[in-house]
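Trainee: Handing over work-v2.tsv, TSV, C-alpha atoms and all ligand atoms.
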chain	number	residue	atom	x	y	z
A	1	MET	CA	56.52	73.02	97.88
A	2	LYS	CA	55.11	74.35	101.12
A	3	SER	CA	56.45	77.61	102.49
A	4	LYS	CA	58.06	75.81	105.47
A	5	GLU	CA	60.08	73.57	103.17
A	6	LEU	CA	60.88	76.46	100.86
A	7	TYR	CA	62.38	78.49	103.71
A	8	GLN	CA	64.09	75.41	105.10
A	9	GLN	CA	65.96	75.17	101.79
A	10	ILE	CA	66.54	78.90	101.27
A	11	LEU	CA	67.96	79.31	104.76
A	12	GLY	CA	69.91	76.05	104.58
A	13	ILE	CA	68.29	74.85	107.79
A	14	GLU	CA	69.20	71.23	108.46
A	15	TYR	CA	68.39	68.63	111.12
A	16	PRO	CA	68.31	68.99	114.14
A	17	TRP	CA	67.01	72.47	113.26
A	18	GLU	CA	63.64	72.66	111.52
A	19	VAL	CA	61.42	75.39	110.10
A	20	THR	CA	58.14	74.94	111.99
A	21	GLY	CA	56.15	77.85	110.64
A	22	VAL	CA	56.15	80.88	108.30
A	23	GLU	CA	54.02	83.91	109.17
A	24	LEU	CA	53.38	86.81	106.89
A	25	SER	CA	52.46	90.21	108.25
A	26	LEU	CA	51.63	92.58	105.40
A	27	GLU	CA	50.83	95.31	107.89
A	28	ASP	CA	54.39	95.29	109.29
A	29	GLU	CA	55.87	94.23	105.92
A	30	GLU	CA	57.46	91.28	107.67
A	31	VAL	CA	57.95	87.56	107.20
A	32	LEU	CA	58.64	85.56	110.38
A	33	VAL	CA	60.29	82.17	109.88
A	34	ARG	CA	59.98	80.06	113.02
A	35	VAL	CA	62.82	77.63	113.62
A	36	GLU	CA	63.02	74.96	116.32
A	37	TYR	CA	65.69	72.63	117.60
A	38	VAL	CA	64.18	69.15	117.53
A	39	SER	CA	66.81	66.92	119.17
A	40	ASN	CA	67.14	66.14	122.89
A	41	THR	CA	70.90	66.65	122.92
A	42	ALA	CA	73.33	69.29	121.56
A	43	LYS	CA	77.05	70.09	121.54
A	44	CYS	CA	78.53	72.21	124.34
A	45	PRO	CA	79.78	75.44	122.65
A	46	GLU	CA	82.94	75.31	124.81
A	47	CYS	CA	84.10	71.68	124.60
A	48	GLY	CA	81.93	70.17	121.87
A	49	ARG	CA	80.73	67.35	124.11
A	50	GLU	CA	77.20	66.08	123.42
A	51	CYS	CA	75.00	67.21	126.36
A	52	SER	CA	71.32	66.98	127.16
A	53	ILE	CA	69.06	69.98	126.58
A	54	TYR	CA	68.48	71.86	129.83
A	55	ASP	CA	65.86	74.45	128.82
A	56	HIS	CA	65.06	77.04	126.14
A	57	ARG	CA	65.82	80.75	126.16
A	58	ARG	CA	63.28	83.45	125.46
A	59	GLU	CA	62.28	83.81	121.81
A	60	ARG	CA	64.69	85.93	119.74
A	61	ARG	CA	64.67	87.37	116.21
A	62	TRP	CA	67.47	87.58	113.64
A	63	ARG	CA	67.09	89.81	110.63
A	64	HIS	CA	67.72	87.95	107.37
A	65	LEU	CA	67.84	89.00	103.70
A	66	ASP	CA	64.49	90.38	102.54
A	67	THR	CA	61.91	88.13	100.88
A	68	CYS	CA	60.13	90.02	98.06
A	69	GLN	CA	61.02	93.30	99.79
A	70	LEU	CA	59.49	92.12	103.06
A	71	LYS	CA	61.76	92.25	106.08
A	72	THR	CA	62.47	88.65	106.95
A	73	PHE	CA	63.29	87.37	110.43
A	74	ILE	CA	64.29	84.01	111.83
A	75	VAL	CA	62.50	83.51	115.16
A	76	CYS	CA	63.76	80.91	117.58
A	77	SER	CA	63.90	79.91	121.28
A	78	VAL	CA	67.51	78.76	121.46
A	79	PRO	CA	68.04	75.71	123.70
A	80	ARG	CA	70.55	75.67	126.54
A	81	ILE	CA	72.61	72.58	127.39
A	82	ASN	CA	73.95	71.57	130.78
A	83	CYS	CA	77.61	70.58	130.45
A	84	THR	CA	79.16	68.92	133.50
A	85	LYS	CA	82.31	70.96	132.93
A	86	HIS	CA	81.01	74.31	131.60
A	87	GLY	CA	77.55	74.54	133.16
A	88	VAL	CA	74.38	75.87	131.51
A	89	LEU	CA	75.09	77.50	128.13
A	90	SER	CA	73.12	78.53	125.04
A	91	ILE	CA	74.03	76.48	121.99
A	92	GLU	CA	75.35	78.02	118.77
A	93	VAL	CA	72.89	78.66	115.93
A	94	PRO	CA	74.02	77.89	112.36
A	95	TRP	CA	72.60	81.07	110.77
A	96	SER	CA	74.32	83.68	112.92
A	97	GLU	CA	77.35	84.50	115.03
A	98	SER	CA	76.76	84.75	118.76
A	99	HIS	CA	75.69	88.19	120.04
A	100	SER	CA	74.47	89.23	116.58
A	101	ARG	CA	70.88	90.14	115.79
A	102	PHE	CA	71.47	89.50	112.08
A	103	THR	CA	72.07	86.37	110.05
A	104	VAL	CA	75.50	85.83	108.53
A	105	LEU	CA	74.14	86.50	105.03
A	106	PHE	CA	72.56	89.77	106.13
A	107	GLU	CA	75.81	90.93	107.71
A	108	ARG	CA	77.73	90.05	104.56
A	109	LEU	CA	75.30	92.11	102.49
A	110	ALA	CA	75.62	95.06	104.89
A	111	ILE	CA	79.44	94.88	104.74
A	112	ASP	CA	79.39	94.73	100.92
A	113	MET	CA	77.06	97.71	100.72
A	114	LEU	CA	79.16	99.71	103.17
A	115	LEU	CA	82.30	99.03	101.16
A	116	ILE	CA	80.54	100.12	97.96
A	117	PHE	CA	78.62	103.17	99.19
A	118	LYS	CA	81.02	104.20	101.98
A	119	LYS	CA	78.10	106.02	103.62
A	120	GLN	CA	76.75	104.44	106.76
A	121	LYS	CA	73.54	106.45	106.86
A	122	ARG	CA	72.68	105.58	103.26
A	123	VAL	CA	73.28	101.85	103.81
A	124	GLY	CA	71.14	101.99	106.97
A	125	GLU	CA	68.29	103.49	104.94
A	126	LEU	CA	68.60	100.95	102.12
A	127	LEU	CA	68.65	98.00	104.52
A	128	ARG	CA	66.02	99.56	106.79
A	129	ILE	CA	68.10	99.30	109.93
A	130	SER	CA	69.20	102.00	112.36
A	131	PHE	CA	72.51	103.83	112.37
A	132	ASP	CA	73.40	102.09	115.64
A	133	GLN	CA	72.71	98.69	114.11
A	134	ILE	CA	74.95	99.51	111.14
A	135	HIS	CA	77.59	100.61	113.57
A	136	ARG	CA	77.38	97.35	115.55
A	137	ILE	CA	77.78	95.34	112.32
A	138	MET	CA	80.89	97.38	111.51
A	139	LYS	CA	82.25	96.98	115.02
A	140	ARG	CA	81.90	93.20	114.90
A	141	ALA	CA	83.46	93.13	111.42
A	142	VAL	CA	86.48	95.09	112.67
A	143	GLU	CA	86.84	92.86	115.76
A	144	ARG	CA	86.76	89.79	113.50
A	145	GLY	CA	89.29	91.37	111.15
A	146	LEU	CA	91.68	92.33	113.93
A	147	SER	CA	91.53	88.87	115.50
A	148	ARG	CA	92.32	87.30	112.10
A	149	ARG	CA	94.99	89.83	111.10
A	150	ASP	CA	98.37	88.26	110.61
A	151	LEU	CA	101.20	90.70	111.16
A	152	SER	CA	103.83	87.98	111.01
A	153	ASP	CA	105.18	89.40	107.73
A	154	ASP	CA	107.84	91.99	108.33
A	155	ILE	CA	106.56	95.52	108.40
A	156	ARG	CA	109.40	97.54	106.92
A	157	TYR	CA	107.97	101.00	106.63
A	158	ILE	CA	105.40	102.68	108.81
A	159	GLY	CA	103.84	106.12	108.75
A	160	ILE	CA	102.72	108.02	111.80
A	161	ASP	CA	100.49	111.02	111.41
A	162	GLU	CA	97.96	113.13	113.25
A	163	LYS	CA	94.40	113.88	112.16
A	164	SER	CA	92.09	116.40	113.74
A	165	TYR	CA	88.40	115.85	114.36
A	166	ARG	CA	85.58	117.42	116.38
A	167	CYS	CA	86.15	120.60	114.31
A	168	GLY	CA	89.86	120.56	115.10
A	169	HIS	CA	89.36	120.34	118.87
A	170	SER	CA	90.62	116.77	119.17
A	171	TYR	CA	93.43	114.80	117.60
A	172	ILE	CA	94.08	111.18	116.79
A	173	THR	CA	97.38	109.53	115.89
A	174	VAL	CA	97.22	107.06	113.01
A	175	LEU	CA	99.76	104.31	112.33
A	176	THR	CA	99.99	103.04	108.74
A	177	ASP	CA	101.76	100.21	106.94
A	178	ILE	CA	103.29	102.04	103.96
A	179	ASP	CA	104.04	98.93	101.85
A	180	LYS	CA	100.56	97.45	102.19
A	181	LYS	CA	98.74	100.80	102.21
A	182	ARG	CA	96.63	100.02	105.26
A	183	VAL	CA	95.90	101.52	108.65
A	184	LEU	CA	97.40	99.40	111.42
A	185	GLY	CA	95.89	101.25	114.35
A	186	LEU	CA	94.96	104.56	115.88
A	187	ILE	CA	94.76	106.23	119.25
A	188	GLU	CA	93.39	109.42	120.77
A	189	GLY	CA	95.81	112.30	121.24
A	190	ARG	CA	99.10	113.23	119.58
A	191	GLN	CA	101.46	113.19	122.54
A	192	LYS	CA	104.57	111.10	122.87
A	193	SER	CA	102.75	108.78	125.28
A	194	SER	CA	99.92	108.18	122.77
A	195	ALA	CA	102.39	107.40	119.98
A	196	LEU	CA	104.35	105.06	122.25
A	197	SER	CA	101.25	103.11	123.32
A	198	LEU	CA	100.04	102.89	119.74
A	199	ILE	CA	103.33	101.51	118.40
A	200	ARG	CA	103.78	99.07	121.30
A	201	ASP	CA	100.18	97.83	121.21
A	202	THR	CA	100.27	97.30	117.44
A	203	LEU	CA	103.73	95.81	116.87
A	204	ASP	CA	105.43	93.21	119.03
A	205	ALA	CA	109.12	93.47	119.99
A	206	ARG	CA	110.32	91.46	116.99
A	207	GLN	CA	108.28	93.55	114.54
A	208	ARG	CA	109.49	96.78	116.13
A	209	GLU	CA	113.06	95.68	115.50
A	210	GLY	CA	112.27	94.97	111.86
A	211	VAL	CA	110.97	98.47	111.07
A	212	LYS	CA	113.50	100.18	108.78
A	213	ALA	CA	112.03	103.67	108.72
A	214	VAL	CA	109.13	105.77	109.97
A	215	CYS	CA	107.66	108.52	107.83
A	216	MET	CA	106.29	111.55	109.68
A	217	ASP	CA	105.97	115.29	109.98
A	218	MET	CA	108.58	117.14	112.04
A	219	TRP	CA	106.42	116.74	115.14
A	220	ARG	CA	108.67	116.40	118.20
A	221	PRO	CA	106.51	113.93	120.24
A	222	TYR	CA	106.47	111.47	117.30
A	223	ILE	CA	110.21	111.82	116.80
A	224	ASN	CA	110.85	111.13	120.49
A	225	ALA	CA	108.45	108.18	120.60
A	226	THR	CA	110.13	106.64	117.54
A	227	ARG	CA	113.61	107.07	118.98
A	228	GLU	CA	112.47	105.44	122.20
A	229	CYS	CA	110.72	102.35	120.91
A	230	LEU	CA	111.97	101.81	117.35
A	231	LYS	CA	115.66	102.10	118.00
A	232	SER	CA	116.88	100.72	114.66
A	233	ALA	CA	114.46	102.73	112.49
A	234	ASP	CA	115.39	105.86	110.53
A	235	ILE	CA	113.12	108.87	110.72
A	236	VAL	CA	112.04	110.19	107.31
A	237	HIS	CA	110.25	113.52	107.14
A	238	ASP	CA	107.33	113.27	104.79
A	239	ARG	CA	107.69	115.25	101.57
A	240	PHE	CA	104.04	116.32	101.50
A	241	HIS	CA	104.40	117.88	104.92
A	242	LEU	CA	107.67	119.59	103.95
A	243	MET	CA	106.15	121.08	100.80
A	244	LYS	CA	103.14	122.22	102.79
A	245	TYR	CA	105.36	124.24	105.12
A	246	LEU	CA	106.96	125.91	102.11
A	247	ASN	CA	103.61	126.58	100.46
A	248	ASN	CA	102.39	128.26	103.60
A	249	ALA	CA	105.56	130.37	103.78
A	250	VAL	CA	105.10	131.50	100.16
A	251	ASP	CA	101.54	132.40	100.95
A	252	SER	CA	102.58	134.45	103.99
A	253	VAL	CA	105.05	136.38	101.83
A	254	ARG	CA	102.41	136.96	99.14
A	255	ARG	CA	99.82	138.16	101.61
A	256	GLU	CA	102.26	140.58	103.20
A	257	GLU	CA	103.34	141.84	99.80
A	258	MET	CA	99.82	142.27	98.39
A	259	ARG	CA	99.16	144.86	101.05
A	260	VAL	CA	101.96	147.13	99.83
A	261	ILE	CA	102.14	146.49	96.07
A	262	SER	CA	100.89	149.10	93.53
A	263	ILE	CA	98.67	148.49	90.48
A	264	LYS	CA	101.63	149.24	88.19
A	265	GLU	CA	103.70	146.61	89.96
A	266	ARG	CA	100.94	144.05	89.65
A	267	LYS	CA	101.00	144.58	85.88
A	268	ILE	CA	104.71	143.78	85.75
A	269	LEU	CA	104.17	140.63	87.78
A	270	LYS	CA	101.38	139.28	85.66
A	271	GLY	CA	102.43	136.22	83.64
A	272	SER	CA	105.93	136.12	85.08
A	273	ARG	CA	105.66	132.59	86.42
A	274	TYR	CA	107.29	131.04	83.36
A	275	ILE	CA	110.46	133.04	83.91
A	276	PHE	CA	110.94	131.38	87.24
A	277	LEU	CA	110.41	127.91	85.86
A	278	LYS	CA	113.36	128.30	83.50
A	279	ASN	CA	117.05	128.20	84.33
A	280	LYS	CA	118.60	131.66	84.26
A	281	GLU	CA	121.05	130.52	81.54
A	282	LYS	CA	118.19	129.70	79.20
A	283	TRP	CA	116.43	133.05	79.43
A	284	THR	CA	115.90	134.99	76.23
A	285	ASP	CA	116.93	138.66	76.14
A	286	LYS	CA	113.29	139.64	76.57
A	287	GLN	CA	112.94	137.40	79.63
A	288	ARG	CA	116.18	138.71	81.07
A	289	THR	CA	114.83	142.28	80.80
A	290	ARG	CA	111.55	141.17	82.34
A	291	PHE	CA	113.34	139.52	85.27
A	292	GLN	CA	115.36	142.71	85.72
A	293	GLN	CA	112.09	144.69	85.94
A	294	ILE	CA	110.68	142.29	88.50
A	295	ARG	CA	113.83	142.32	90.55
A	296	ASP	CA	113.79	146.11	90.39
A	297	ILE	CA	110.40	146.21	92.06
A	298	ASN	CA	111.78	143.69	94.51
A	299	LEU	CA	109.13	141.05	94.10
A	300	LYS	CA	109.33	139.00	97.27
A	301	THR	CA	106.60	136.53	96.29
A	302	SER	CA	108.56	135.40	93.25
A	303	GLN	CA	111.65	134.87	95.33
A	304	ALA	CA	109.75	132.82	97.89
A	305	TRP	CA	108.00	130.87	95.16
A	306	LEU	CA	111.33	130.05	93.53
A	307	VAL	CA	112.75	128.76	96.82
A	308	LYS	CA	109.75	126.47	97.17
A	309	GLU	CA	109.88	125.27	93.56
A	310	ASN	CA	113.58	124.53	93.79
A	311	PHE	CA	113.01	122.34	96.80
A	312	ARG	CA	110.86	120.01	94.66
A	313	GLU	CA	114.03	119.03	92.85
A	314	TYR	CA	115.49	117.80	96.11
A	315	PHE	CA	113.33	114.65	95.95
A	316	ASN	CA	115.07	113.61	92.71
A	317	SER	CA	118.45	113.35	94.44
A	318	GLN	CA	120.14	110.10	93.43
A	319	SER	CA	122.55	109.67	96.35
A	320	ILE	CA	123.13	110.87	99.88
A	321	ASN	CA	126.00	113.04	98.66
A	322	ASP	CA	123.79	114.59	95.96
A	323	ALA	CA	121.12	115.23	98.56
A	324	LYS	CA	123.51	116.81	101.05
A	325	PHE	CA	125.04	119.01	98.35
A	326	PHE	CA	121.63	120.09	97.06
A	327	PHE	CA	120.31	120.79	100.55
A	328	THR	CA	123.31	122.96	101.53
A	329	GLU	CA	123.02	124.99	98.31
A	330	TRP	CA	119.28	125.36	98.71
A	331	VAL	CA	119.61	126.52	102.32
A	332	HIS	CA	122.19	129.08	101.24
A	333	ASN	CA	120.03	130.47	98.43
A	334	ALA	CA	116.89	130.47	100.54
A	335	LYS	CA	118.57	132.41	103.33
A	336	GLU	CA	119.85	134.97	100.84
A	337	THR	CA	116.27	136.03	100.10
A	338	GLY	CA	116.11	137.51	103.59
A	339	LEU	CA	112.38	136.69	103.70
A	340	ARG	CA	111.26	136.06	107.27
A	341	PRO	CA	108.60	133.35	106.62
A	342	ILE	CA	111.03	131.47	104.34
A	343	ILE	CA	113.95	131.72	106.76
A	344	GLU	CA	111.78	130.39	109.60
A	345	ILE	CA	111.02	127.27	107.55
A	346	VAL	CA	114.63	126.91	106.42
A	347	ASN	CA	115.74	126.95	110.07
A	348	LEU	CA	113.11	124.35	110.89
A	349	PHE	CA	114.40	122.16	108.02
A	350	ILE	CA	118.02	122.59	109.19
A	351	LYS	CA	117.06	121.25	112.62
A	352	HIS	CA	115.63	118.18	110.87
A	353	THR	CA	118.35	117.68	108.24
A	354	SER	CA	118.90	113.97	108.95
A	355	GLY	CA	115.19	113.15	108.55
A	356	ILE	CA	115.14	115.08	105.27
A	357	ILE	CA	118.30	113.38	103.96
A	358	ASN	CA	116.90	109.95	104.94
A	359	TYR	CA	114.25	110.34	102.25
A	360	VAL	CA	116.90	109.58	99.66
A	361	ILE	CA	117.71	106.25	101.35
A	362	HIS	CA	114.17	104.95	101.81
A	363	LYS	CA	112.06	106.99	99.32
A	364	ILE	CA	108.89	106.70	101.41
A	365	THR	CA	106.01	109.15	101.83
A	366	ASN	CA	102.79	109.27	103.79
A	367	SER	CA	100.70	109.38	100.63
A	368	ILE	CA	98.25	106.84	102.05
A	369	SER	CA	97.66	109.32	104.83
A	370	GLU	CA	96.67	111.90	102.21
A	371	ILE	CA	94.19	109.48	100.61
A	372	MET	CA	92.88	108.72	104.07
A	373	ASN	CA	92.19	112.36	104.84
A	374	SER	CA	89.31	112.57	102.39
A	375	ILE	CA	87.82	109.29	103.63
A	376	ILE	CA	88.15	110.41	107.25
A	377	GLN	CA	86.45	113.71	106.38
A	378	GLU	CA	83.62	111.74	104.78
A	379	ILE	CA	83.36	109.44	107.82
A	380	ILE	CA	83.21	112.40	110.18
A	381	PHE	CA	80.71	114.21	107.98
A	382	THR	CA	78.29	111.30	107.59
A	383	ALA	CA	78.35	110.04	111.13
A	384	ARG	CA	76.76	112.72	113.27
A	385	GLY	CA	80.11	114.40	113.76
A	386	PHE	CA	81.55	111.36	115.55
A	387	LYS	CA	81.22	112.55	119.09
A	388	ARG	CA	82.74	109.33	120.31
A	389	TYR	CA	86.26	108.35	119.43
A	390	GLU	CA	85.44	104.63	119.39
A	391	SER	CA	83.00	105.09	116.49
A	392	LEU	CA	85.62	106.94	114.50
A	393	LYS	CA	88.18	104.23	115.20
A	394	THR	CA	85.79	101.50	114.06
A	395	ALA	CA	84.97	103.31	110.82
A	396	ILE	CA	88.62	104.03	109.96
A	397	LEU	CA	89.67	100.42	110.55
A	398	PHE	CA	86.61	99.15	108.67
A	399	PHE	CA	87.34	101.19	105.54
A	400	LEU	CA	91.12	101.50	105.68
A	401	GLY	CA	92.42	98.63	107.80
A	402	GLY	CA	92.68	96.12	104.94
A	403	LEU	CA	90.94	93.63	107.24
A	404	SER	CA	89.07	90.42	106.48
A	405	LEU	CA	85.63	91.63	107.60
A	406	TYR	CA	83.09	88.93	106.70
A	407	PRO	CA	81.56	86.59	109.27
B	501	ZN	ZN	81.50	71.79	127.90
Please go through the file and, once you have read it, give me the structure as C-alpha cells.

Mentor:
Amino acid sequence: MKSKELYQQILGIEYPWEVTGVELSLEDEEVLVRVEYVSNTAKCPECGRECSIYDHRRERRWRHLDTCQLKTFIVCSVPRINCTKHGVLSIEVPWSESHSRFTVLFERLAIDMLLIFKKQKRVGELLRISFDQIHRIMKRAVERGLSRRDLSDDIRYIGIDEKSYRCGHSYITVLTDIDKKRVLGLIEGRQKSSALSLIRDTLDARQREGVKAVCMDMWRPYINATRECLKSADIVHDRFHLMKYLNNAVDSVRREEMRVISIKERKILKGSRYIFLKNKEKWTDKQRTRFQQIRDINLKTSQAWLVKENFREYFNSQSINDAKFFFTEWVHNAKETGLRPIIEIVNLFIKHTSGIINYVIHKITNSISEIMNSIIQEIIFTARGFKRYESLKTAILFFLGGLSLYP
C-alpha cells in the first residue's frame, strides 16, 4: 500500500476529499499529509444546499495524532462555495471542528490526557504544543460542554461559596450543584451583585423556583442575594464553615493562654484531652481529680475546645425540636465560659440561628467545595498564577463542571 492510500485509510478521508501527497521532514520531525477536495460542488455550511466551488482559501495545517513519534499535520486549501442565500463561505472539513487547528482525534487525546494528568503544562509538553494551545483546546471543550448541558432536571440543592486567588487579592464566587457534585458556574467578585448575576445567568426562572435550599457561609451578600432571587429556598449554613469559625476561636484562646501559662501548668494539661471527650458522669475518681486540677488552673483552652467539640454533636440532631433544644443549651454553656473569642462566634451563630437549624431539614454541606479547593489550588499553581480570570474559569469548568467535553 502506498503512503497516500495508507493515510487516506488511517485518517478516514473519503471522496470528495483525497490524500494527494505525504511528505516526510526528518529535520523538523514532521509528516505533512496533503488533502484536496476533488469535486466541483459542495454543501453550504449554513443551509446544506449543494453549491458550486467559488475559490480556495490559503493553505492551512491541522495537527493530528503523531505517526511514529513524528508530528503529523493535515495540510489543505479549503474550498469556498458561493451560496445564493448565504454568500461566499468556507466549507466544513470532516477531520476538524471549525476554528480549530487540531483534528478531532488530537483534541480528544488532549482532553483525555488533561483529565488524567490534571496538569496543563505537563500535557502541553507531552503533546508538544504550547500552553496557549492547550488552553484553547480546553476553552473549546468547555464551550461545547456548556452548549450541550441540559439543566432541565430539577436542581434541588445548590452551594454558593467564595474562593480567593491572585494570592488572596481577588475573589470568585462559585455556584455548585450539590446533588450532582458539579460546578454550575462562577463569576468574579463576592458581592451581592456578583452572586445575583451568577444565579440568574445559570438558572432560569423555573429552576430558581425549584431550588429547595442553598448551602453557604454566613456571608451577608450571599444571604441577601439568595433572599432576593431564590425566594422559596431555605438558607443552610455550611457545617464545615461553622466548625472552622469554632476552630479559629479555640486557637485564639490557646494562643492567648500560651503566653501566660507556666511550665508547671503545662505539665498538668498534658494528656488531658481524653477527659474532655468523656461525659462528666463517666469519669473515674482519678479523672475527676485531674479535671479538678485543670479547672483550678483555669484552663481556658480546654473550655474552648469542649465548646467546639460539643457543637459537633449538633449535626446529629434528629428533629427540628432536638436541634433547637441542643442549640439553646450549647449557647448557654458556651457563654458561661466567658471566653471572648468563643462568645464572639456564639453571637455570630445566634444571628444566623435559622440557617443553622435548617441543616437538620436538608442535611446538605458544601463538601464538593472543599474537594474543589485543592483542585483550584493546583490549577492556580500550574497555570502561571492565572493572571486572567477567564483562564481560571475555563479550567474550573473543564475539570469540575461535569461537562461533555469531546468534539
Ligand atoms: Zn446557504

Trainee: Excluding same-chain residues fewer than 3 positions from A:Phe106, what lies within 8 Å of it counting all atoms listed in the file, as a list in words?

Mentor: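 The residues that qualify are Arg63, His64, Leu65, Phe102, Thr103, Leu109 and Ala110 of chain A.
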
Trainee: Restricting the output to C-alpha atoms, write the selected residues as a compact mmCIF listing (two decimals), in the coordinates of the input.

Mentor:
# COMPACT_ATOMS: atom_id res chain seq x y z
CA ARG A 63 67.09 89.81 110.63
CA HIS A 64 67.72 87.95 107.37
CA LEU A 65 67.84 89.00 103.70
CA PHE A 102 71.47 89.50 112.08
CA THR A 103 72.07 86.37 110.05
CA LEU A 109 75.30 92.11 102.49
CA ALA A 110 75.62 95.06 104.89

Trainee: Please determine, counting all atoms listed in the file, which residue among A:Glu5, A:Glu46, A:Ser39, A:Ser25 has the shortest atom-to-atom distance to ligand ZN 501 (chain B).

Mentor: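 Smallest distance to ligand ZN 501 (chain B) is found for A:Glu46.
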
Trainee: Starting from the point (109.7, 96.9, 111.8), work out which residues of protein, DNA or RNA have an atom no more than 8 Å away when counting all atoms listed in the file; state them as a ChimeraX atom specification.

Mentor: /A:154-158,203,206-213,230,233

Trainee: For ligand ZN 501 (chain B), which residue among A:Val75, A:Cys215, A:Ile91, A:Leu6 is the nearest when counting only C-alpha atoms and all ligand atoms?

Mentor: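 Nearest candidate to ligand ZN 501 (chain B) out of A:Val75, A:Cys215, A:Ile91, A:Leu6: A:Ile91.
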
Trainee: From the list A:Phe398, A:Trp219, A:Tyr245, A:Tyr15, which residue is nearest A:Lys118 when using all atoms listed in the file?

Mentor: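 With all atoms listed in the file as the atom set, the closest residue is A:Phe398.
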
Trainee: Could you check how far atom CA of A:Leu184 sits from atom CA of A:Ile116, in Å to one decimal?

Mentor: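 Computing the Euclidean distance for atom CA of A:Leu184 and atom CA of A:Ile116 yields 21.6 Å.
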
Trainee: Do you have the atom CA of A:Ile187-atom CA of A:Thr173 distance handy?

Mentor: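 Computing it gives 5.4 Å between the two atoms.
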
Trainee: Which residue, A:Glu309, A:Ile134, A:Trp95, A:Gly189, has the smallest gap to A:Lys119 when you use only C-alpha atoms?

Mentor: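 Among the listed residues, A:Ile134 lies closest to A:Lys119.
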
Trainee: Which of these residues is nearest to ligand ZN 501 (chain B), using all atoms listed in the file: A:His56, A:His86, A:Lys71, A:Arg122?

Mentor: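 Of A:His56, A:His86, A:Lys71, A:Arg122, the one nearest ligand ZN 501 (chain B), counting all atoms listed in the file, is A:His86.
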
Trainee: Could you please extract the residues within 9 Å of ligand ZN 501 (chain B), counting all atoms listed in the file, and hand them back as an MDAnalysis selection string?

Mentor: chainID A and resid 43:51 81:89

Trainee: With a distance cut-off of 7 Å and only C-alpha atoms, select the neighbouring residues of A:Val19, excluding the residue or stretch itself and same-chain residues fewer than 2 positions from it, and output the selection as a PyMOL selection string.

Mentor: chain A and resi 4+8+21+33-36

Trainee: Using all atoms listed in the file, which of A:Glu265, A:Arg239, A:Lys121, A:Glu18 sits nearest A:Val93?

Mentor: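 The closest residue to A:Val93 is A:Glu18.
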
Trainee: In Å, rounded to a single decimal, give me how far atom CA of A:Ile261 is from atom CA of A:Pro341.

Mentor: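 One can read the atom CA of A:Pro341 to atom CA of A:Ile261 distance as 18.0 Å.
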
Trainee: Residues within 8 Å of A:Gly355, please, as a PyMOL selection string. Count all atoms listed in the file; anything in the same chain fewer than 4 positions from it doesn't count.

Mentor: chain A and resi 234-237+359

Trainee: What would the file look like if the residues just selected were written as a PDB file, in the coordinates of the input with C-alpha atoms?

Mentor:
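The result, written out as selection-v4.pdb:
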ATOM      1  CA  ASP A 234     115.390 105.860 110.530  1.00  0.00           C
ATOM      2  CA  ILE A 235     113.120 108.870 110.720  1.00  0.00           C
ATOM      3  CA  VAL A 236     112.040 110.190 107.310  1.00  0.00           C
ATOM      4  CA  HIS A 237     110.250 113.520 107.140  1.00  0.00           C
ATOM      5  CA  TYR A 359     114.250 110.340 102.250  1.00  0.00           C
TER       6      TYR A 359
END

Trainee: Taking 4 positions as the minimum chain separation for residues in the same chain, which residues sit within 9 Å of A:Asp201 when counting all atoms listed in the file? Answer as a list in words.

Mentor: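 With the cut-off at 9 Å, the set is Gly185, Leu196 and Ser197 of chain A.
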
Trainee: List as a count of residues only the protein and nucleic acid residues near stretch 343-348 of chain A, meaning an atom at most 10 Å away when only C-alpha atoms are counted, but skip any in the same chain fewer than 6 places from it.

Mentor: 15

Trainee: Using all atoms listed in the file, what does the table of stretch 120-194 of chain A residues within 12 Å of stretch 387-396 of chain A look like, with each row giving the shortest atom pair and its distance in Å to one decimal, sorted by chain and ascending number, as CSV?

Mentor:
residue,atom,partner,partner_atom,distance
A:Gln120,CA,A:Ala395,CA,9.2
A:Phe131,CA,A:Ser391,CA,11.3
A:Asp132,CA,A:Ser391,CA,10.1
A:Ile134,CA,A:Ala395,CA,10.7
A:His135,CA,A:Ser391,CA,7.6
A:Arg136,CA,A:Thr394,CA,9.5
A:Ile137,CA,A:Thr394,CA,10.3
A:Met138,CA,A:Thr394,CA,6.9
A:Lys139,CA,A:Thr394,CA,5.8
A:Arg140,CA,A:Thr394,CA,9.2
A:Ala141,CA,A:Thr394,CA,9.1
A:Val142,CA,A:Thr394,CA,6.6
A:Glu143,CA,A:Thr394,CA,8.9
A:Arg144,CA,A:Thr394,CA,11.8
A:Gly145,CA,A:Thr394,CA,11.1
A:Leu146,CA,A:Thr394,CA,10.9
A:Lys163,CA,A:Leu392,CA,11.4
A:Ser164,CA,A:Tyr389,CA,11.5
A:Tyr165,CA,A:Lys387,CA,9.2
A:Arg166,CA,A:Lys387,CA,7.1
A:Cys167,CA,A:Lys387,CA,10.6
A:His169,CA,A:Lys387,CA,11.3
A:Ser170,CA,A:Tyr389,CA,9.5
A:Tyr171,CA,A:Tyr389,CA,9.8
A:Ile172,CA,A:Tyr389,CA,8.7
A:Thr173,CA,A:Lys393,CA,10.6
A:Val174,CA,A:Ile396,CA,9.6
A:Leu175,CA,A:Ile396,CA,11.4
A:Thr176,CA,A:Ile396,CA,11.5
A:Arg182,CA,A:Ile396,CA,10.1
A:Val183,CA,A:Ile396,CA,7.8
A:Leu184,CA,A:Ile396,CA,10.0
A:Gly185,CA,A:Lys393,CA,8.3
A:Leu186,CA,A:Lys393,CA,6.8
A:Ile187,CA,A:Lys393,CA,8.0
A:Glu188,CA,A:Tyr389,CA,7.3
A:Gly189,CA,A:Tyr389,CA,10.5

Trainee: What residues have an atom no more than 6 Å from (65.4, 79.9, 120.4) in the file's own frame, counting all atoms listed in the file, and can you write them as a PyMOL selection string?

Mentor: chain A and resi 57+59+76-79
